[in-house]
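A.B. asks: If you scroll down you'll find the structure; I have some questions about it.
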2 protein chains.
Amino acid sequence: MQVRGTLVRGGTSKCWLFTERDVPGTRTDLEAMLVAAYNAADRRQIDGVGGATSTTSKAAVVGPSRAPDVDIDYLFAQVGIGEGRVEWGSNCGNCATAIALYAVAKGLVPADPRETRVRLRNVNTGSRLDAVVSTPGGRISDHPNALVPGTDAAGVGVRLIFLAPGGGSTGALLPTGRPAEPITIAGRRARLSLLDAGAPVALLRAGDLGLTGDEDPAELAPWLPELIAVRAQAAIRMGLARPGEPAPQAVPKVGIVGEPRGDRIGVRMVSMQEFHPAIGLTSAVALATATRTPGSVLAGAAAPEGPARLRLATPSGEVAVRSSLTADGAVAEVELERAARLIADAVIYLPAAA
Amino acid sequence: MQVRGTLVRGGTSKCWLFTERDVPGTRTDLEAMLVAAYNAADRRQIDGVGGATSTTSKAAVVGPSRAPDVDIDYLFAQVGIGEGRVEWGSNCGNCATAIALYAVAKGLVPADPRETRVRLRNVNTGSRLDAVVSTPGGRISDHPNALVPGTDAAGVGVRLIFLAPGGGSTGALLPTGRPAEPITIAGRRARLSLLDAGAPVALLRAGDLGLTGDEDPAELAPWLPELIAVRAQAAIRMGLARPGEPAPQAVPKVGIVGEPRGDRIGVRMVSMQEFHPAIGLTSAVALATATRTPGSVLAGAAAPEGPARLRLATPSGEVAVRSSLTADGAVAEVELERAARLIADAVIYLPAAA
């Protein structure tokens, strides 16, 4: 058995993209296909197309949208690493940029003369995003030159805009009703902000842990088990998991944020079972939203009105995020500059069913 | 610019295979192509098709052989990880099994009714290997069931046979002229066997170090710097490096071998800067040869004549190796049971030249 797929880099992630008509129609069969194609059960994914890291074990199924005023629907899959399963509960901004480029490159959306707006819907969470792909002269450049922190590789410029990001996964920006709440971590009392914007996140203030948020991830290794335990607790508090169930690895994103200095905030996020080399874009959206949420661990880092710019200082460099508000103070849009590149078109051979 | 490639698992490695006619003819241009296709300069290889580990950053160029009595020539490339270059000095047994399967699957070698012998030449080292691919009914099974230690994934059975492996890299089975020689390691006097068969190796007897050869690699971590220092010394003794030059990381392979118990030998090898999760096939060839070399640290582990079977007990399980001798007592053949599987056929898009 075989399936066509396209490997696309979006920002600092690699995603295999599949068109809806090429893959099984049920979620169960689709999951079985992805688990087989990636050799997800192996922590090295040695018999499959995955890269065996959280940023290289991603996939999405892409097709024309069923919703009005939307061009493309996509279903995002975080494929297991050493676990023969897929997590369906999240979205991935880097993959969204890859999907927008793919949609234009494959003719699913016609290219406009200067740039092409692709209206995306993430069907996992219902989130709406717009991605504006650079298409000078009505085509994708063979010599693109857009860059993102975390890689020296050039790609096609894609501006990614999260629309009304609050409450996408849980229905509420503050699923527990509180912008911050107490938690005990390694014997220390800390403040925890549980927000759902872009992705559900659990944010800890670095200072509460005796940290700065600018540490080398290797230095933070002793904190990893504690942060994974916080994620498990936060998942229950946010209604993303039930007590007694296995803790999800993909949601919420958990991270440590430093003291804001002007528009700069040091941030160290955990992705699956390790520190993220940079930051997931959906987490960046949540951080931008947290700066505009009174009472959160990042409250006051951005001005209370008007558009604002934030520099998120990650281990791989700074990620710039812009946010704007609605008249009633909710976050209307969060925008990031990204780059994407098609790496390969493939026919993937699936191993025979066990 | 684009290039066709096929991703194949061989044993516990993944290799991208290219046909000679699809790739640049000069080594310089070929290296530039591989560096671009893999995004080798990035330690995460995020903008390319590589897997960013030593066992998933491999490639080979495959074509009909120019030598008599050989079917397939292949040029093996160990593609850099975080370094924009390729190491051309070595061979890879796992990739050889992948190449044999590919040669049959792509019709470069016609399939025989039961199994198909593919006569291979590694053009990097001049080594000759035969690979016998399982082809029941004259075809490659869609439901193959061969397994190797280190992965649960099934593949097509491939018997890999190294022919007259002695002296492939240095011209002599015993480059120093001695089957064992003294060395001081961590203040202990130990015996060191320096052999060149399959790959150049430096073998220490576990008992000389107060070890068994069956330790968990994590337990052996304190020995790693000592073993890396032994490798640097051994490289000079074997003529693989000159004093004062940077020590090579890929050669010789260095390892600790336990007391043979029947045909079972515990073995812990170092690969680049860490313990190998199992054992490289070329190292397995060297161990088999050592058991048949009078005076080596493994002398006597196999009968002095006739074919012999050995079970190499690695951290990932046992690797079985068979060896046979010529009339004058040299090692004629070393054979290993492997498995391989085609993962994907692709068109790879190369980034525009910098």
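Labels for the structure tokens follow display order: chains A, B, ..., residues from 1 in each chain, ligands from 1.
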Calculate the C-alpha RMSD, in Å to one decimal, after superposing chain A onto chain B by least squares over all C-alpha atoms paired in sequence order.

C.D. replies: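 With all C-alpha atoms paired in order, the RMSD is 1.1 Å.
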
A.B. asks: Using only C-alpha atoms, what table do you get, as a tab-separated table, when you list each residue of chain B with an atom no more than 7 Å from chain A, its nearest pair of atoms, and their distance in Å rounded to one decimal, rows by chain then rising number?

C.D. replies:
residue	atom	partner	partner_atom	distance
B:Arg9	CA	A:Asp47	CA	6.0
B:Thr12	CA	A:Ile46	CA	6.5
B:Ser13	CA	A:Ile46	CA	6.7
B:Lys14	CA	A:Ile46	CA	6.5
B:Ile46	CA	A:Lys14	CA	6.5
B:Asp47	CA	A:Arg9	CA	6.0
B:Gly48	CA	A:Ile343	CA	6.2
B:Gly51	CA	A:Gly51	CA	5.3
B:Asp142	CA	A:Ala352	CA	6.6
B:His143	CA	A:Ala352	CA	5.5
B:Ala153	CA	A:Asp47	CA	6.4
B:Leu342	CA	A:Tyr349	CA	6.8
B:Ile343	CA	A:Tyr349	CA	5.2
B:Ala344	CA	A:Ile348	CA	4.3
B:Asp345	CA	A:Val347	CA	5.3
B:Ala346	CA	A:Ala346	CA	4.0
B:Val347	CA	A:Asp345	CA	5.3
B:Ile348	CA	A:Ala344	CA	4.3
B:Tyr349	CA	A:Ile343	CA	5.2
B:Ala352	CA	A:His143	CA	5.6

A.B. asks: Please return, as a count of residues only, all residues of segment 76-251 of chain A that DSSP assigns to strand (DSSP E) on the basis of the backbone.

C.D. replies: 51

A.B. asks: Quick one: residues within 12 Å of Val23 of chain A, only C-alpha atoms counted, chain neighbours fewer than 3 positions away excluded, as an mmCIF file with all heavy atoms, in the first residue's frame?

C.D. replies:
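Once everything was written out, this is out30.cif:
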data_model
loop_
_atom_site.group_PDB
_atom_site.id
_atom_site.type_symbol
_atom_site.label_atom_id
_atom_site.label_comp_id
_atom_site.auth_asym_id
_atom_site.auth_seq_id
_atom_site.Cartn_x
_atom_site.Cartn_y
_atom_site.Cartn_z
ATOM 1 N N MET A 1 0.843 -1.193 0.000
ATOM 2 C CA MET A 1 0.000 0.000 0.000
ATOM 3 C C MET A 1 0.877 1.242 0.000
ATOM 4 O O MET A 1 1.954 1.250 0.590
ATOM 5 C CB MET A 1 -0.910 0.012 1.230
ATOM 6 C CG MET A 1 -2.318 0.482 0.903
ATOM 7 S SD MET A 1 -3.429 0.325 2.324
ATOM 8 C CE MET A 1 -3.002 1.740 3.322
ATOM 9 N N GLN A 2 0.446 2.255 -0.659
ATOM 10 C CA GLN A 2 1.250 3.465 -0.760
ATOM 11 C C GLN A 2 0.367 4.702 -0.693
ATOM 12 O O GLN A 2 -0.838 4.629 -0.895
ATOM 13 C CB GLN A 2 2.060 3.442 -2.053
ATOM 14 C CG GLN A 2 1.226 3.384 -3.317
ATOM 15 C CD GLN A 2 2.111 3.157 -4.544
ATOM 16 O OE1 GLN A 2 2.878 2.206 -4.615
ATOM 17 N NE2 GLN A 2 1.981 4.042 -5.512
ATOM 18 N N VAL A 3 1.002 5.826 -0.398
ATOM 19 C CA VAL A 3 0.260 7.089 -0.314
ATOM 20 C C VAL A 3 1.174 8.220 -0.769
ATOM 21 O O VAL A 3 2.376 8.213 -0.481
ATOM 22 C CB VAL A 3 -0.270 7.321 1.126
ATOM 23 C CG1 VAL A 3 0.866 7.420 2.141
ATOM 24 C CG2 VAL A 3 -1.154 8.564 1.195
ATOM 25 N N ARG A 4 0.604 9.167 -1.497
ATOM 26 C CA ARG A 4 1.381 10.337 -1.916
ATOM 27 C C ARG A 4 1.469 11.338 -0.774
ATOM 28 O O ARG A 4 0.469 11.559 -0.089
ATOM 29 C CB ARG A 4 0.701 11.046 -3.098
ATOM 30 C CG ARG A 4 0.771 10.279 -4.358
ATOM 31 C CD ARG A 4 0.219 11.027 -5.564
ATOM 32 N NE ARG A 4 0.469 10.199 -6.724
ATOM 33 C CZ ARG A 4 1.640 10.137 -7.355
ATOM 34 N NH1 ARG A 4 2.652 10.895 -6.970
ATOM 35 N NH2 ARG A 4 1.802 9.336 -8.374
ATOM 36 N N GLY A 5 2.641 11.937 -0.611
ATOM 37 C CA GLY A 5 2.807 12.967 0.410
ATOM 38 C C GLY A 5 3.848 13.979 -0.024
ATOM 39 O O GLY A 5 4.664 13.688 -0.903
ATOM 40 N N LEU A 17 2.592 16.564 4.219
ATOM 41 C CA LEU A 17 1.233 16.998 3.904
ATOM 42 C C LEU A 17 0.607 16.014 2.930
ATOM 43 O O LEU A 17 1.259 15.552 1.976
ATOM 44 C CB LEU A 17 1.257 18.402 3.303
ATOM 45 C CG LEU A 17 1.954 19.455 4.181
ATOM 46 C CD1 LEU A 17 1.884 20.825 3.520
ATOM 47 C CD2 LEU A 17 1.347 19.496 5.574
ATOM 48 N N PHE A 18 -0.637 15.706 3.181
ATOM 49 C CA PHE A 18 -1.389 14.762 2.362
ATOM 50 C C PHE A 18 -2.665 15.450 1.903
ATOM 51 O O PHE A 18 -3.237 16.266 2.629
ATOM 52 C CB PHE A 18 -1.745 13.523 3.195
ATOM 53 C CG PHE A 18 -0.545 12.823 3.766
ATOM 54 C CD1 PHE A 18 -0.053 13.145 5.030
ATOM 55 C CD2 PHE A 18 0.130 11.849 3.029
ATOM 56 C CE1 PHE A 18 1.066 12.517 5.560
ATOM 57 C CE2 PHE A 18 1.257 11.221 3.554
ATOM 58 C CZ PHE A 18 1.730 11.548 4.812
ATOM 59 N N THR A 19 -3.118 15.112 0.683
ATOM 60 C CA THR A 19 -4.411 15.662 0.272
ATOM 61 C C THR A 19 -5.500 14.697 0.719
ATOM 62 O O THR A 19 -5.315 13.478 0.740
ATOM 63 C CB THR A 19 -4.501 15.892 -1.248
ATOM 64 O OG1 THR A 19 -4.350 14.642 -1.895
ATOM 65 C CG2 THR A 19 -3.414 16.828 -1.723
ATOM 66 N N GLU A 20 -6.616 15.303 1.069
ATOM 67 C CA GLU A 20 -7.769 14.592 1.616
ATOM 68 C C GLU A 20 -8.137 13.352 0.791
ATOM 69 O O GLU A 20 -8.420 12.292 1.339
ATOM 70 C CB GLU A 20 -8.939 15.576 1.588
ATOM 71 C CG GLU A 20 -9.901 15.445 2.701
ATOM 72 C CD GLU A 20 -10.898 16.612 2.658
ATOM 73 O OE1 GLU A 20 -11.348 16.979 1.541
ATOM 74 O OE2 GLU A 20 -11.192 17.138 3.718
ATOM 75 N N THR A 26 -11.730 7.701 7.578
ATOM 76 C CA THR A 26 -12.038 7.700 9.016
ATOM 77 C C THR A 26 -10.785 8.036 9.815
ATOM 78 O O THR A 26 -9.661 7.733 9.404
ATOM 79 C CB THR A 26 -12.550 6.329 9.488
ATOM 80 O OG1 THR A 26 -11.451 5.417 9.505
ATOM 81 C CG2 THR A 26 -13.648 5.785 8.575
ATOM 82 N N ARG A 27 -11.003 8.643 10.977
ATOM 83 C CA ARG A 27 -9.897 9.045 11.828
ATOM 84 C C ARG A 27 -9.067 7.833 12.268
ATOM 85 O O ARG A 27 -7.845 7.893 12.336
ATOM 86 C CB ARG A 27 -10.448 9.803 13.046
ATOM 87 C CG ARG A 27 -9.434 10.470 13.923
ATOM 88 C CD ARG A 27 -8.804 11.701 13.283
ATOM 89 N NE ARG A 27 -9.735 12.781 13.063
ATOM 90 C CZ ARG A 27 -9.978 13.777 13.921
ATOM 91 N NH1 ARG A 27 -9.365 13.827 15.084
ATOM 92 N NH2 ARG A 27 -10.809 14.743 13.620
ATOM 93 N N THR A 28 -9.755 6.732 12.547
ATOM 94 C CA THR A 28 -9.068 5.509 12.982
ATOM 95 C C THR A 28 -8.126 4.990 11.894
ATOM 96 O O THR A 28 -6.966 4.656 12.159
ATOM 97 C CB THR A 28 -10.103 4.421 13.324
ATOM 98 O OG1 THR A 28 -11.039 4.966 14.255
ATOM 99 C CG2 THR A 28 -9.437 3.186 13.902
ATOM 100 N N ASP A 29 -8.634 4.922 10.665
ATOM 101 C CA ASP A 29 -7.801 4.414 9.566
ATOM 102 C C ASP A 29 -6.683 5.396 9.225
ATOM 103 O O ASP A 29 -5.563 4.992 8.882
ATOM 104 C CB ASP A 29 -8.656 4.154 8.323
ATOM 105 C CG ASP A 29 -9.616 2.985 8.525
ATOM 106 O OD1 ASP A 29 -9.445 2.239 9.511
ATOM 107 O OD2 ASP A 29 -10.546 2.835 7.711
ATOM 108 N N LEU A 30 -6.991 6.668 9.318
ATOM 109 C CA LEU A 30 -5.968 7.684 9.054
ATOM 110 C C LEU A 30 -4.852 7.583 10.089
ATOM 111 O O LEU A 30 -3.665 7.630 9.752
ATOM 112 C CB LEU A 30 -6.612 9.076 9.090
ATOM 113 C CG LEU A 30 -5.667 10.266 8.929
ATOM 114 C CD1 LEU A 30 -4.945 10.224 7.582
ATOM 115 C CD2 LEU A 30 -6.445 11.587 9.066
ATOM 116 N N GLU A 31 -5.236 7.406 11.348
ATOM 117 C CA GLU A 31 -4.230 7.277 12.405
ATOM 118 C C GLU A 31 -3.352 6.050 12.161
ATOM 119 O O GLU A 31 -2.123 6.124 12.272
ATOM 120 C CB GLU A 31 -4.904 7.195 13.788
ATOM 121 C CG GLU A 31 -3.911 7.022 14.921
ATOM 122 C CD GLU A 31 -4.413 7.536 16.276
ATOM 123 O OE1 GLU A 31 -5.363 8.344 16.306
ATOM 124 O OE2 GLU A 31 -3.844 7.125 17.295
ATOM 125 N N ALA A 32 -3.990 4.944 11.789
ATOM 126 C CA ALA A 32 -3.214 3.722 11.511
ATOM 127 C C ALA A 32 -2.235 3.972 10.359
ATOM 128 O O ALA A 32 -1.079 3.522 10.401
ATOM 129 C CB ALA A 32 -4.154 2.566 11.181
ATOM 130 N N MET A 33 -2.682 4.701 9.352
ATOM 131 C CA MET A 33 -1.801 4.989 8.211
ATOM 132 C C MET A 33 -0.604 5.839 8.637
ATOM 133 O O MET A 33 0.545 5.554 8.273
ATOM 134 C CB MET A 33 -2.590 5.718 7.116
ATOM 135 C CG MET A 33 -1.783 5.929 5.848
ATOM 136 S SD MET A 33 -2.260 7.454 4.992
ATOM 137 C CE MET A 33 -1.153 8.627 5.780
ATOM 138 N N LEU A 34 -0.863 6.877 9.428
ATOM 139 C CA LEU A 34 0.238 7.757 9.843
ATOM 140 C C LEU A 34 1.211 7.026 10.768
ATOM 141 O O LEU A 34 2.427 7.185 10.655
ATOM 142 C CB LEU A 34 -0.319 9.010 10.535
ATOM 143 C CG LEU A 34 -1.064 9.985 9.618
ATOM 144 C CD1 LEU A 34 -1.745 11.077 10.448
ATOM 145 C CD2 LEU A 34 -0.132 10.610 8.585
ATOM 146 N N ALA A 37 3.258 4.908 8.442
ATOM 147 C CA ALA A 37 4.149 5.680 7.559
ATOM 148 C C ALA A 37 5.329 6.264 8.326
ATOM 149 O O ALA A 37 6.426 6.391 7.790
ATOM 150 C CB ALA A 37 3.370 6.801 6.871
ATOM 151 N N ALA A 60 -0.206 16.705 8.189
ATOM 152 C CA ALA A 60 -1.528 17.319 8.074
ATOM 153 C C ALA A 60 -2.209 16.803 6.822
ATOM 154 O O ALA A 60 -1.548 16.472 5.833
ATOM 155 C CB ALA A 60 -1.439 18.845 8.038
ATOM 156 N N VAL A 61 -3.526 16.722 6.899
ATOM 157 C CA VAL A 61 -4.360 16.380 5.745
ATOM 158 C C VAL A 61 -5.045 17.660 5.294
ATOM 159 O O VAL A 61 -5.655 18.365 6.112
ATOM 160 C CB VAL A 61 -5.397 15.307 6.119
ATOM 161 C CG1 VAL A 61 -6.284 15.002 4.920
ATOM 162 C CG2 VAL A 61 -4.698 14.047 6.617
ATOM 163 N N VAL A 62 -4.915 17.960 4.004
ATOM 164 C CA VAL A 62 -5.287 19.265 3.459
ATOM 165 C C VAL A 62 -6.347 19.084 2.382
ATOM 166 O O VAL A 62 -6.247 18.171 1.557
ATOM 167 C CB VAL A 62 -4.033 19.950 2.866
ATOM 168 C CG1 VAL A 62 -4.375 21.299 2.268
ATOM 169 C CG2 VAL A 62 -2.939 20.085 3.921
ATOM 170 N N GLY A 63 -7.362 19.947 2.384
ATOM 171 C CA GLY A 63 -8.371 19.898 1.320
ATOM 172 C C GLY A 63 -9.140 21.200 1.248
ATOM 173 O O GLY A 63 -9.007 22.067 2.124
ATOM 174 N N LEU A 75 -6.341 19.175 8.818
ATOM 175 C CA LEU A 75 -6.381 18.382 10.050
ATOM 176 C C LEU A 75 -4.932 18.127 10.440
ATOM 177 O O LEU A 75 -4.175 17.513 9.673
ATOM 178 C CB LEU A 75 -7.098 17.061 9.775
ATOM 179 C CG LEU A 75 -7.175 16.071 10.945
ATOM 180 C CD1 LEU A 75 -8.040 16.618 12.069
ATOM 181 C CD2 LEU A 75 -7.719 14.722 10.459
ATOM 182 N N ILE A 348 4.980 7.292 -0.554
ATOM 183 C CA ILE A 348 5.416 6.622 0.674
ATOM 184 C C ILE A 348 4.852 5.202 0.671
ATOM 185 O O ILE A 348 3.654 5.006 0.447
ATOM 186 C CB ILE A 348 4.910 7.398 1.907
ATOM 187 C CG1 ILE A 348 5.499 8.818 1.908
ATOM 188 C CG2 ILE A 348 5.252 6.653 3.199
ATOM 189 C CD1 ILE A 348 4.841 9.742 2.922
#

A.B. asks: One number please: atom CA of Ser283 of chain A to atom CA of Leu108 of chain A, in Å, one decimal.

C.D. replies: 28.1 Å

A.B. asks: Which residue out of B:Ala284, B:Leu220, B:Leu194, B:Ala103 has the minimum interatomic distance to Ala235 of chain B when only C-alpha atoms are used?

C.D. replies: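 The closest residue to Ala235 of chain B is B:Leu194.
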
A.B. asks: What does the structure give for the distance between atom CA of Asn91 of chain B and atom CA of Phe76 of chain B, in Å to one decimal?

C.D. replies: 6.1 Å

A.B. asks: Name all residues at most 10 Å from Ala186 of chain B (count only C-alpha atoms; drop same-chain ones fewer than 5 positions away) and give them as number ranges by chain.

C.D. replies: B: 209, 223, 226-227

A.B. asks: Please produce an output containing C-alpha atoms for each residue in the selection, written as a JSON list (two decimals), in the first residue's frame.

C.D. replies:
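Below you can see selection-v6.json, which holds the result:
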[["chain", "number", "residue", "atom", "x", "y", "z"],
["B", 209, "LEU", "CA", 39.47, -3.19, 32.63],
["B", 223, "TRP", "CA", 34.97, 4.99, 30.24],
["B", 226, "GLU", "CA", 39.30, 6.81, 27.89],
["B", 227, "LEU", "CA", 38.02, 4.87, 24.88]]

A.B. asks: Could you name the residues that touch Leu240 of chain A at 12 Å or less, counting only C-alpha atoms, but leaving out those on the same chain fewer than 6 positions away, as a list in words?

C.D. replies: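 Final neighbour list, sorted by chain and number: Trp88, Gly89, Ser90, Ser169, Thr170, Gly171, Pro175, Thr176, Leu194, Asp196, Ala199, Pro200, Val201, Arg231, Ala232, Gln233, Ala234, Pro246, Ala247, Pro248, Gln249, Ala250, Val251, Pro252 and Lys253 of chain A.
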
A.B. asks: Output C-alpha atoms for every residue in the selection just made, as a compact mmCIF listing (two decimals), in the first residue's frame.

C.D. replies:
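result14.txt, freshly written:
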# COMPACT_ATOMS: atom_id res chain seq x y z
CA TRP A 88 -5.21 15.11 17.38
CA GLY A 89 -5.84 17.80 19.97
CA SER A 90 -3.56 20.57 18.78
CA SER A 169 -9.49 24.48 22.00
CA THR A 170 -11.57 24.82 25.15
CA GLY A 171 -14.12 27.52 24.30
CA PRO A 175 -10.55 27.84 30.88
CA THR A 176 -10.31 27.92 34.69
CA LEU A 194 -3.59 28.74 32.00
CA ASP A 196 -6.18 28.99 25.54
CA ALA A 199 -2.91 26.65 21.76
CA PRO A 200 -3.69 25.85 25.37
CA VAL A 201 -0.64 26.87 27.39
CA ARG A 231 1.53 19.91 32.17
CA ALA A 232 -0.32 16.84 33.41
CA GLN A 233 -1.93 18.84 36.24
CA ALA A 234 -2.72 21.75 33.91
CA PRO A 246 -2.72 8.96 30.53
CA ALA A 247 -1.46 12.56 30.45
CA PRO A 248 -1.40 14.12 26.96
CA GLN A 249 2.06 15.11 25.71
CA ALA A 250 1.06 17.74 23.15
CA VAL A 251 -1.30 19.90 25.24
CA PRO A 252 -1.15 22.16 27.01
CA LYS A 253 2.18 23.62 25.98

A.B. asks: Between atom CA of Pro260 of chain B and atom CA of Thr293 of chain B, what distance in Å does the model show, to one decimal?

C.D. replies: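 Between these atoms lies a distance of 14.4 Å.
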
A.B. asks: Step one, run DSSP on the backbone; step two, keep only residues of segment 148-339 of chain A assigned to alpha helix (DSSP H); then write them as a ChimeraX atom specification.

C.D. replies: /A:224-237,281-291

A.B. asks: Just the residues within 8 Å of Gly93 of chain B, please, counting only C-alpha atoms, with nothing from its chain fewer than 6 positions along; format it as a ChimeraX atom specification.

C.D. replies: /B:160,280-282

A.B. asks: With only C-alpha atoms as the counted atoms, please give the residues lying no more than 8 Å from Pro315 of chain B, apart from itself and same-chain residues fewer than 6 positions off, as a list in words.

C.D. replies: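 With the cut-off at 8 Å, the set is Asp214, Asp216, Pro217, Arg268, Pro277 and Ala278 of chain B.
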
A.B. asks: Okay, now the selection with all heavy atoms, as an mmCIF file, in the first residue's frame?

C.D. replies:
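After the write, again-v9.cif holds the following:
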data_model
loop_
_atom_site.group_PDB
_atom_site.id
_atom_site.type_symbol
_atom_site.label_atom_id
_atom_site.label_comp_id
_atom_site.auth_asym_id
_atom_site.auth_seq_id
_atom_site.Cartn_x
_atom_site.Cartn_y
_atom_site.Cartn_z
ATOM 1 N N ASP B 214 29.105 -6.752 29.176
ATOM 2 C CA ASP B 214 27.638 -6.803 29.159
ATOM 3 C C ASP B 214 27.026 -5.642 29.931
ATOM 4 O O ASP B 214 25.825 -5.635 30.196
ATOM 5 C CB ASP B 214 27.145 -8.139 29.746
ATOM 6 C CG ASP B 214 27.301 -9.287 28.748
ATOM 7 O OD1 ASP B 214 26.906 -9.091 27.581
ATOM 8 O OD2 ASP B 214 27.847 -10.335 29.128
ATOM 9 N N ASP B 216 25.416 -2.040 30.927
ATOM 10 C CA ASP B 216 24.558 -1.022 30.320
ATOM 11 C C ASP B 216 25.460 0.122 29.851
ATOM 12 O O ASP B 216 26.350 0.543 30.585
ATOM 13 C CB ASP B 216 23.572 -0.515 31.386
ATOM 14 C CG ASP B 216 22.505 0.360 30.779
ATOM 15 O OD1 ASP B 216 22.834 1.510 30.414
ATOM 16 O OD2 ASP B 216 21.363 -0.108 30.660
ATOM 17 N N PRO B 217 25.251 0.640 28.612
ATOM 18 C CA PRO B 217 26.119 1.736 28.149
ATOM 19 C C PRO B 217 26.150 2.918 29.120
ATOM 20 O O PRO B 217 27.197 3.561 29.267
ATOM 21 C CB PRO B 217 25.489 2.130 26.805
ATOM 22 C CG PRO B 217 24.850 0.876 26.310
ATOM 23 C CD PRO B 217 24.341 0.161 27.543
ATOM 24 N N ARG B 268 30.570 -3.897 23.482
ATOM 25 C CA ARG B 268 30.122 -2.508 23.630
ATOM 26 C C ARG B 268 31.039 -1.635 22.782
ATOM 27 O O ARG B 268 32.207 -1.442 23.110
ATOM 28 C CB ARG B 268 30.184 -2.070 25.106
ATOM 29 C CG ARG B 268 29.270 -2.872 26.042
ATOM 30 C CD ARG B 268 27.805 -2.650 25.716
ATOM 31 N NE ARG B 268 26.896 -3.385 26.586
ATOM 32 C CZ ARG B 268 26.369 -4.586 26.286
ATOM 33 N NH1 ARG B 268 26.679 -5.192 25.142
ATOM 34 N NH2 ARG B 268 25.528 -5.147 27.112
ATOM 35 N N PRO B 277 24.194 2.081 19.909
ATOM 36 C CA PRO B 277 23.054 1.360 20.489
ATOM 37 C C PRO B 277 23.104 -0.144 20.209
ATOM 38 O O PRO B 277 22.504 -0.922 20.946
ATOM 39 C CB PRO B 277 21.842 2.003 19.805
ATOM 40 C CG PRO B 277 22.372 2.709 18.597
ATOM 41 C CD PRO B 277 23.797 3.067 18.897
ATOM 42 N N ALA B 278 23.815 -0.566 19.171
ATOM 43 C CA ALA B 278 23.962 -1.997 18.865
ATOM 44 C C ALA B 278 25.423 -2.201 18.443
ATOM 45 O O ALA B 278 26.337 -2.074 19.251
ATOM 46 C CB ALA B 278 22.977 -2.409 17.773
#

A.B. asks: From the set B:Lys58, B:Arg139, B:Cys15, B:Gly255, which residue has the shortest atom-to-atom contact distance to Ala111 of chain B, counting only C-alpha atoms?

C.D. replies: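 Smallest distance to Ala111 of chain B is found for B:Arg139.
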